[in-house]
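Asks: Below is structure_21.txt; it holds compact mmCIF, C-alpha atoms.
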```
# COMPACT_ATOMS: atom_id res chain seq x y z
CA MET A 1 126.33 153.10 64.57
CA ARG A 2 124.22 149.95 64.63
CA LYS A 3 120.47 150.08 64.65
CA PHE A 4 117.87 147.34 65.12
CA LEU A 5 116.03 147.00 61.83
CA ILE A 6 112.36 146.39 62.51
CA GLY A 7 110.61 145.34 59.32
CA LEU A 8 112.17 146.25 55.99
CA VAL A 9 114.18 149.18 54.73
CA ALA A 10 113.33 150.79 51.39
CA VAL A 11 115.90 152.67 49.37
CA ALA A 12 115.28 156.12 48.00
CA THR A 13 115.09 154.97 44.41
CA CYS A 14 112.29 152.47 45.03
CA ALA A 15 110.55 153.54 48.22
CA GLY A 16 107.88 151.15 49.37
CA VAL A 17 108.98 148.14 47.32
CA ALA A 18 109.59 145.04 49.42
CA PRO A 19 113.25 143.92 49.46
CA ALA A 20 114.17 140.75 47.59
CA VAL A 21 117.21 139.28 45.87
CA ALA A 22 117.75 136.64 43.23
CA GLN A 23 120.26 133.96 44.13
CA ASP A 24 123.50 134.58 42.28
CA SER A 25 126.08 133.25 44.68
CA GLY A 26 128.47 131.73 42.21
CA ALA A 27 128.61 128.56 44.30
CA SER A 28 128.14 125.36 42.33
CA ASP A 29 127.47 123.02 45.27
CA GLY A 30 124.31 124.79 46.42
CA THR A 31 125.58 125.24 49.98
CA ALA A 32 126.49 128.91 49.84
CA GLU A 33 125.74 131.10 52.84
CA ILE A 34 124.02 134.26 51.61
CA ILE A 35 123.77 137.61 53.39
CA VAL A 36 120.24 139.00 53.72
CA THR A 37 120.20 142.74 54.31
CA GLY A 38 117.38 145.14 55.04
CA SER A 39 118.08 147.10 51.87
CA LEU A 40 116.42 146.68 48.50
CA MET A 41 118.11 143.86 46.61
CA ARG A 42 117.99 143.58 42.87
CA LYS A 43 117.83 141.09 40.07
CA ARG A 44 119.62 141.48 36.76
CA ASN A 45 117.49 141.93 33.69
CA SER A 46 118.52 139.36 31.13
CA ASN A 47 118.27 142.01 28.39
CA ASP A 48 120.65 144.56 29.90
CA ASP A 49 123.07 145.25 32.72
CA GLN A 50 120.73 147.45 34.73
CA PRO A 51 119.33 146.01 37.97
CA ARG A 52 115.59 145.95 38.51
CA PRO A 53 113.47 145.28 41.59
CA VAL A 54 112.15 141.79 42.24
CA ILE A 55 108.51 141.88 43.36
CA PRO A 56 107.75 139.08 45.84
CA PRO A 57 104.48 137.11 45.74
CA ALA A 58 101.77 137.09 48.42
CA ALA A 59 102.89 136.35 51.97
CA ALA A 60 100.97 133.05 51.88
CA GLN A 61 103.46 131.80 49.28
CA MET A 62 106.54 132.71 51.33
CA LEU A 63 108.38 130.51 53.80
CA ARG A 64 109.15 132.48 56.96
CA ARG A 65 111.89 131.16 59.22
CA THR A 66 114.68 132.22 61.56
CA ALA A 67 117.89 133.02 59.72
CA ASP A 68 120.93 130.84 60.30
CA PHE A 69 123.26 133.58 61.52
CA ALA A 70 123.20 137.13 62.85
CA ILE A 71 126.04 139.02 61.20
CA GLN A 72 127.78 142.22 62.19
CA GLN A 73 130.30 143.85 59.89
CA VAL A 74 133.28 145.24 61.79
CA VAL A 75 136.30 147.32 60.90
CA ILE A 76 139.79 147.32 62.29
CA ALA A 77 141.48 150.64 61.58
CA SER A 78 144.89 152.09 62.38
CA ASP A 79 145.91 155.72 62.01
CA THR A 80 149.59 155.00 62.61
CA VAL A 81 151.75 157.28 60.49
CA GLY A 82 152.88 155.40 57.39
CA GLU A 83 150.65 153.12 55.36
CA ASP A 84 152.79 150.01 55.81
CA GLY A 85 152.79 150.30 59.59
CA ALA A 86 149.04 150.91 59.71
CA LYS A 87 148.34 147.91 57.47
CA LYS A 88 150.52 145.65 59.60
CA GLU A 89 148.75 146.72 62.79
CA ALA A 90 145.28 146.24 61.29
CA LEU A 91 146.07 142.77 59.95
CA ALA A 92 147.82 141.73 63.17
CA MET A 93 144.67 142.60 65.08
CA VAL A 94 142.56 140.61 62.58
CA ARG A 95 144.74 137.60 63.34
CA LYS A 96 144.12 138.05 67.07
CA ALA A 97 140.38 138.21 66.35
CA ILE A 98 140.58 134.92 64.43
CA ASP A 99 142.41 133.26 67.33
CA LEU A 100 139.86 134.44 69.91
CA ALA A 101 136.65 133.83 67.93
CA GLY A 102 136.11 130.21 68.92
CA SER A 103 136.41 130.80 72.65
CA SER A 104 134.06 133.79 72.38
CA GLY A 105 131.18 131.88 70.80
CA VAL A 106 131.39 133.71 67.47
CA LEU A 107 132.67 133.02 63.96
CA VAL A 108 134.61 135.37 61.70
CA ALA A 109 134.12 135.57 57.95
CA SER A 110 134.37 137.80 54.89
CA GLY A 111 132.16 138.62 51.94
CA GLU A 112 129.61 141.12 50.69
CA ILE A 113 126.94 138.67 49.47
CA VAL A 114 128.40 135.17 49.82
CA VAL A 115 129.95 134.48 53.23
CA GLU A 116 133.32 132.76 53.37
CA PRO A 117 135.22 131.70 56.52
CA LEU A 118 138.06 133.99 57.56
CA THR A 119 141.05 131.92 58.62
CA ALA A 120 144.70 132.18 59.53
CA THR A 121 145.57 131.21 55.97
CA ASN A 122 143.45 133.77 54.11
CA TYR A 123 143.08 136.82 56.38
CA ALA A 124 146.04 138.56 54.73
CA ASP A 125 143.97 138.69 51.53
CA LEU A 126 141.54 141.18 53.07
CA LYS A 127 141.46 144.40 51.08
CA ILE A 128 143.16 147.32 52.80
CA LEU A 129 141.03 150.45 52.53
CA ASP A 130 141.74 154.09 53.21
CA GLY A 131 139.58 156.17 55.51
CA ASP A 132 138.88 158.52 52.62
CA GLU A 133 137.10 155.64 50.83
CA ASP A 134 134.47 155.40 53.56
CA ASP A 135 130.91 156.54 52.89
CA ASP A 136 129.45 159.84 54.08
CA ASP A 137 127.67 158.41 57.10
CA PRO A 138 129.24 160.14 60.12
CA ASP A 139 128.29 157.21 62.35
CA ASP A 140 130.52 154.94 60.27
CA LYS A 141 133.45 157.30 59.87
CA VAL A 142 136.80 155.49 59.72
CA ASP A 143 140.21 157.15 59.98
CA GLY A 144 143.44 155.70 58.66
CA GLN A 145 144.00 152.32 56.99
CA PHE A 146 141.34 149.74 57.70
CA VAL A 147 139.93 146.32 56.84
CA LYS A 148 136.34 145.08 56.98
CA PHE A 149 135.18 141.61 57.90
CA LEU A 150 132.19 139.85 59.48
CA VAL A 151 131.47 138.53 62.96
CA LYS A 152 128.73 135.85 63.05
CA VAL A 153 126.59 134.34 65.79
CA PRO A 154 124.50 131.22 65.09
CA LEU A 155 120.81 131.92 65.70
CA ALA A 156 120.21 128.78 67.74
CA PRO A 157 117.00 128.40 69.80
CA GLY A 158 117.01 131.02 72.55
CA VAL A 159 119.42 133.35 70.73
CA ASP A 160 117.67 136.56 69.69
CA ALA A 161 119.08 139.75 68.16
CA LYS A 162 119.86 141.25 71.56
CA THR A 163 121.78 138.15 72.66
CA ALA A 164 123.69 138.03 69.38
CA LEU A 165 124.68 141.68 69.64
CA ALA A 166 125.81 141.19 73.23
CA LYS A 167 128.09 138.32 72.18
CA ILE A 168 129.53 140.40 69.36
CA ASP A 169 130.12 143.39 71.63
CA GLN A 170 131.88 141.20 74.19
CA PHE A 171 134.06 139.74 71.46
CA ILE A 172 135.02 143.17 70.11
CA LYS A 173 136.06 144.28 73.59
CA LYS A 174 138.00 141.05 74.13
CA VAL A 175 140.29 141.44 71.09
CA PRO A 176 143.43 143.30 72.25
CA GLN A 177 144.57 146.37 70.37
CA VAL A 178 147.73 146.23 68.29
CA GLY A 179 149.56 149.55 68.29
CA ARG A 180 147.04 152.21 67.27
CA ALA A 181 144.66 149.72 65.63
CA GLU A 182 141.11 149.62 66.96
CA MET A 183 138.14 147.37 66.23
CA LYS A 184 134.54 148.60 66.09
CA PRO A 185 131.16 147.64 64.61
CA TYR A 186 130.35 149.06 61.19
CA GLY A 187 126.78 149.38 59.96
CA ASP A 188 123.72 147.46 61.11
CA LEU A 189 123.18 143.91 62.26
CA THR A 190 122.16 141.73 59.34
CA LEU A 191 121.36 138.06 58.72
CA SER A 192 122.45 135.13 56.58
CA VAL A 193 120.86 131.95 55.25
CA VAL A 194 122.75 128.79 54.34
CA ASN A 195 121.71 127.15 51.06
CA PRO A 196 118.39 128.88 50.31
CA GLU A 197 117.70 126.30 47.55
CA GLN A 198 117.10 123.60 50.16
CA TYR A 199 113.72 125.21 50.87
CA ARG A 200 112.45 124.99 47.28
CA GLY A 201 110.12 122.05 47.96
CA ALA A 202 108.55 123.68 51.02
CA ILE A 203 107.99 126.91 49.09
CA ILE A 204 106.33 125.07 46.19
CA ASP A 205 104.01 123.40 48.73
CA LEU A 206 102.95 126.85 49.94
CA VAL A 207 102.40 128.09 46.40
CA ALA A 208 100.33 125.00 45.53
CA LYS A 209 98.17 125.35 48.66
CA ASP A 210 97.55 129.05 48.09
CA THR A 211 96.74 128.80 44.38
CA ALA A 212 94.52 125.73 44.90
CA GLY A 213 92.52 127.60 47.52
CA THR A 214 92.17 130.63 45.29
CA SER A 215 91.09 128.70 42.20
CA ALA A 216 88.57 126.68 44.27
CA LYS A 217 86.72 129.89 45.05
CA PHE A 218 85.87 130.23 41.35
CA GLY A 219 84.32 126.77 41.14
CA ALA A 220 85.26 123.32 39.86
CA GLY A 221 85.58 124.57 36.30
CA TYR A 222 88.61 126.74 37.10
CA GLY A 223 92.26 126.02 37.81
CA ALA A 224 95.48 127.92 38.41
CA GLU A 225 98.33 128.29 35.93
CA VAL A 226 101.58 128.94 37.80
CA THR A 227 104.84 130.18 36.29
CA GLY A 228 108.22 131.02 37.82
CA LEU A 229 108.68 127.85 39.86
CA ASP A 230 111.83 127.05 37.87
CA LYS A 231 113.53 130.26 39.01
CA PRO A 232 116.12 130.45 41.80
CA VAL A 233 114.90 130.77 45.37
CA GLN A 234 114.87 134.39 46.50
CA TRP A 235 114.72 135.99 49.92
CA LYS A 236 114.05 139.09 51.95
CA ARG A 237 114.44 140.15 55.54
CA ALA A 238 111.24 139.85 57.59
CA GLY A 239 112.30 140.99 61.07
CA LEU A 240 115.20 141.24 63.50
CA THR A 241 116.14 137.57 63.09
CA GLU A 242 113.67 136.23 60.50
CA VAL A 243 113.71 135.97 56.73
CA GLN A 244 111.15 135.04 54.09
CA LEU A 245 112.14 132.74 51.24
CA PHE A 246 110.11 132.53 48.06
CA LEU A 247 109.99 131.81 44.36
CA PRO A 248 109.06 134.58 41.88
CA ALA A 249 105.85 132.74 41.06
CA ASN A 250 102.91 134.21 39.15
CA SER A 251 99.51 132.54 39.06
CA THR A 252 96.58 133.04 36.71
CA ILE A 253 93.11 131.61 37.29
CA ARG A 254 91.74 130.12 34.06
CA PRO A 255 88.81 127.93 32.97
CA ARG A 256 89.98 124.33 32.85
CA ASN A 257 88.78 123.91 29.26
```
Mind turning this structure into C-alpha cells?
Replies:
Amino acid sequence: MRKFLIGLVAVATCAGVAPAVAQDSGASDGTAEIIVTGSLMRKRNSNDDQPRPVIPPAAAQMLRRTADFAIQQVVIASDTVGEDGAKKEALAMVRKAIDLAGSSGVLVASGEIVVEPLTATNYADLKILDGDEDDDDPDDKVDGQFVKFLVKVPLAPGVDAKTALAKIDQFIKKVPQVGRAEMKPYGDLTLSVVNPEQYRGAIIDLVAKDTAGTSAKFGAGYGAEVTGLDKPVQWKRAGLTEVQLFLPANSTIRPRN
C-alpha cells in the first residue's frame, strides 16, 4: 500500500541519520536518471565492502529543487496454474502497459537505482519473480508469478504528488487484464533526478557562500579550508516532490597565516 512520505524515513539500523546516497550509476555519459528514495542510502567504504552512512552537510550548502519525475513501482502478477502460462500473461499485460503509456501521460521504465526506459524491445527481459520471493509486508503481498517495473510522471509546473498519483492510478485502471494477470501499485511513491552532476557548480556556489560567511564572523585573519568538493554529487529526499543535492564537503576555519 502506498503512503505519502512527508520528510525522510530512517531505517532501523541508523535511526535519525539523514538519508543520502553517493552517485554510482555506472553511466559514463553523466546523464543517468537516478531514483531517490525515502530510505537511508549508503556509500561504499573504499577499505571494505560494507556500506556506511553518508552524513550530509548543513542545509545552507544543499541545493533544494523539485525532482524530475514521480515514480511508482508496480507489479503485474498472474496466479494462473502453470508457471509458463502465468509468465506469458504477466508479460503480455506489460506489453499492453507499454502501448498505453504515451496516451495516458505516463512513462514506463525499469531499474532499482538507475532508471532505464521499458520498451517493446526489452520488456521480455524483465525478471520473473515468484510470490514466495516477496517481502513480509502484508500490504505488498503478491501471489503467483509476477514482474516489477516503474511508472513515471514528469513533475512539470503544476504537477504535485497528488496529481502524479492520480495519473498513475488512472493508467493502472486503463491497462486491460490478460487472463488472470492483474496490475497494482507496489510500495511508496518515490522520485528521480536526471544527471545530478549537472548541479555541481550551483552546489559549490552554495558551499562557498556559506563558508565565506562563517569565516567572516571570525575576522579578516581567518579563512575556510574546504574538502570534498571533488567527490560525486549526492542526494536525499526532502519532501513529497523535492530533493536536496549536495557534495560531501567539510570545512575548517583556520587562521590565514
Asks: Kindly give the distance, in Å, that separates CA of Val175 (chain A) and CA of Ile76 (chain A), rounded to a single decimal.
Replies: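 One can read the CA of Val175 (chain A) to CA of Ile76 (chain A) distance as 10.6 Å.
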Asks: When you draw a straight line from CA of Val108 (chain A) to CA of Ala77 (chain A), how long is it in Å?
Replies: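 Pair CA of Val108 (chain A) / CA of Ala77 (chain A) returns 16.7 Å.
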Asks: Given only C-alpha atoms as the basis, pick out the residue of A:Ile203, A:Val94, A:Val226, A:Ile113 nearest to Ala32 (chain A).
Replies: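 For Ala32 (chain A), the nearest of the given residues is A:Ile113.
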Asks: Select all residues near (123.2, 131.1, 54.5) (cut-off 9 Å, inclusive, file coordinates), counting only C-alpha atoms, and output them as a list in words.
Replies: Thr31, Ala32, Glu33, Ile34, Ile35, Val36, Ala67, Asp68, Phe69, Val114, Val115, Leu191, Ser192, Val193, Val194, Asn195 and Pro196 of chain A
Asks: Save the residues we just selected, C-alpha atoms, as a PDB file, keeping the file's coordinate frame?
Replies:
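Okay, this is what ended up in out_26.pdb:
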```
ATOM      1  CA  THR A  31     125.580 125.240  49.980  1.00  0.00           C
ATOM      2  CA  ALA A  32     126.490 128.910  49.840  1.00  0.00           C
ATOM      3  CA  GLU A  33     125.740 131.100  52.840  1.00  0.00           C
ATOM      4  CA  ILE A  34     124.020 134.260  51.610  1.00  0.00           C
ATOM      5  CA  ILE A  35     123.770 137.610  53.390  1.00  0.00           C
ATOM      6  CA  VAL A  36     120.240 139.000  53.720  1.00  0.00           C
ATOM      7  CA  ALA A  67     117.890 133.020  59.720  1.00  0.00           C
ATOM      8  CA  ASP A  68     120.930 130.840  60.300  1.00  0.00           C
ATOM      9  CA  PHE A  69     123.260 133.580  61.520  1.00  0.00           C
ATOM     10  CA  VAL A 114     128.400 135.170  49.820  1.00  0.00           C
ATOM     11  CA  VAL A 115     129.950 134.480  53.230  1.00  0.00           C
ATOM     12  CA  LEU A 191     121.360 138.060  58.720  1.00  0.00           C
ATOM     13  CA  SER A 192     122.450 135.130  56.580  1.00  0.00           C
ATOM     14  CA  VAL A 193     120.860 131.950  55.250  1.00  0.00           C
ATOM     15  CA  VAL A 194     122.750 128.790  54.340  1.00  0.00           C
ATOM     16  CA  ASN A 195     121.710 127.150  51.060  1.00  0.00           C
ATOM     17  CA  PRO A 196     118.390 128.880  50.310  1.00  0.00           C
TER      18      PRO A 196
END
```
Asks: I'd like the interatomic distance between CA of Val178 (chain A) and CA of Gln72 (chain A), to a tenth of an Å.
Replies: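 Separation of CA of Val178 (chain A) and CA of Gln72 (chain A): 21.2 Å.
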Asks: Write out, as a tab-separated table, each residue of region 87-204 of chain A that has an atom at most 12 Å from region 208-221 of chain A, together with the closest pair of atoms and their distance in Å to one decimal, counting all atoms listed in the file, rows going by chain and rising number.
Replies:
```
residue	atom	partner	partner_atom	distance
A:Gly201	CA	A:Ala208	CA	10.5
A:Ala202	CA	A:Ala208	CA	10.0
A:Ile203	CA	A:Ala208	CA	8.7
A:Ile204	CA	A:Ala208	CA	6.0
```
Asks: Keeping C-alpha atoms for every residue in the selection just given, could you write it to a file as a PDB file, in the coordinates of the input?
Replies:
```pdb
ATOM      1  CA  GLY A 201     110.120 122.050  47.960  1.00  0.00           C
ATOM      2  CA  ALA A 202     108.550 123.680  51.020  1.00  0.00           C
ATOM      3  CA  ILE A 203     107.990 126.910  49.090  1.00  0.00           C
ATOM      4  CA  ILE A 204     106.330 125.070  46.190  1.00  0.00           C
TER       5      ILE A 204
END
```
Asks: In terms of the shortest atom-to-atom distance over all atoms listed in the file, which of A:Val106, A:Glu112, A:Leu129, A:Pro157 is closest to Thr37 (chain A)?
Replies: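 Using all atoms listed in the file, the shortest distance to Thr37 (chain A) belongs to A:Glu112.
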Asks: Measuring atom to atom with all atoms listed in the file, identify which of A:Lys96, A:Lys174, A:Lys167, A:Lys88 is nearest to Phe146 (chain A).
Replies: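 Distance minimum relative to Phe146 (chain A) lands on A:Lys88.
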Asks: Which residue is closest to Gly82 (chain A)? Choose from A:Lys236, A:Lys231, A:Arg180, A:Lys127 and count all atoms listed in the file.
Replies: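 Selected residue with least distance to Gly82 (chain A): A:Arg180.
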Asks: Please put the answer as AutoDock Vina command-line options: centre and edge lengths, in Å with one decimal, of a box along x, y and z that encloses all listed atoms of region 125-129 of chain A plus 4 Å on each side.
Replies:
```
--center_x 142.5 --center_y 144.6 --center_z 52.1 --size_x 10.9 --size_y 19.8 --size_z 10.0
```
Asks: Which residues, written as a compact mmCIF listing (two decimals) with C-alpha atoms, keeping the file's coordinate frame, have at least one atom at most 9 Å from Ala164 (chain A), with all atoms listed in the file counted and residues fewer than 4 positions away on the same chain left out?
Replies:
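Writing the result to out-v3.txt gives the following:
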```txt
# COMPACT_ATOMS: atom_id res chain seq x y z
CA ALA A 70 123.20 137.13 62.85
CA ILE A 71 126.04 139.02 61.20
CA LYS A 152 128.73 135.85 63.05
CA VAL A 153 126.59 134.34 65.79
CA PRO A 154 124.50 131.22 65.09
CA LEU A 155 120.81 131.92 65.70
CA VAL A 159 119.42 133.35 70.73
CA ASP A 160 117.67 136.56 69.69
CA ILE A 168 129.53 140.40 69.36
CA ASP A 169 130.12 143.39 71.63
```
Asks: Could you list, as a count of residues only, every residue within 7 Å of Leu229 (chain A), counting all atoms listed in the file and ignoring same-chain residues fewer than 2 positions away?
Replies: 4
Asks: Please identify all polymer residues within 8 Å of Pro57 (chain A), counting all atoms listed in the file, omitting same-chain residues fewer than 4 positions from it, and present them as a compact mmCIF listing (two decimals) with C-alpha atoms, in the frame of the given file.
Replies:
```
# COMPACT_ATOMS: atom_id res chain seq x y z
CA GLN A 61 103.46 131.80 49.28
CA MET A 62 106.54 132.71 51.33
CA PHE A 246 110.11 132.53 48.06
CA LEU A 247 109.99 131.81 44.36
CA PRO A 248 109.06 134.58 41.88
CA ALA A 249 105.85 132.74 41.06
CA ASN A 250 102.91 134.21 39.15
```
Asks: Which residues, protein or nucleic acid, reach to within 12 Å of (106.7, 137.8, 58.0) in the file's coordinates when using all atoms listed in the file, and can you give that as an MDAnalysis selection string?
Replies: chainID A and resid 6:8 18 58:66 235:246
Asks: Now that the selection is made, can you save its residues with C-alpha atoms as a tab-separated table (two decimals), in the frame of the given file?
Replies:
```tsv
chain	number	residue	atom	x	y	z
A	6	ILE	CA	112.36	146.39	62.51
A	7	GLY	CA	110.61	145.34	59.32
A	8	LEU	CA	112.17	146.25	55.99
A	18	ALA	CA	109.59	145.04	49.42
A	58	ALA	CA	101.77	137.09	48.42
A	59	ALA	CA	102.89	136.35	51.97
A	60	ALA	CA	100.97	133.05	51.88
A	61	GLN	CA	103.46	131.80	49.28
A	62	MET	CA	106.54	132.71	51.33
A	63	LEU	CA	108.38	130.51	53.80
A	64	ARG	CA	109.15	132.48	56.96
A	65	ARG	CA	111.89	131.16	59.22
A	66	THR	CA	114.68	132.22	61.56
A	235	TRP	CA	114.72	135.99	49.92
A	236	LYS	CA	114.05	139.09	51.95
A	237	ARG	CA	114.44	140.15	55.54
A	238	ALA	CA	111.24	139.85	57.59
A	239	GLY	CA	112.30	140.99	61.07
A	240	LEU	CA	115.20	141.24	63.50
A	241	THR	CA	116.14	137.57	63.09
A	242	GLU	CA	113.67	136.23	60.50
A	243	VAL	CA	113.71	135.97	56.73
A	244	GLN	CA	111.15	135.04	54.09
A	245	LEU	CA	112.14	132.74	51.24
A	246	PHE	CA	110.11	132.53	48.06
```
Asks: List as a list of chain:residue names the protein and nucleic acid residues near Ser78 (chain A), meaning an atom at most 8 Å away when all atoms listed in the file are counted, but skip any in the same chain fewer than 5 places from it.
Replies: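 Answer for this query is A:Ala86, A:Lys87, A:Glu89, A:Ala90, A:Asp143, A:Gly144, A:Gln145, A:Phe146, A:Gly179, A:Arg180, A:Ala181, A:Glu182.
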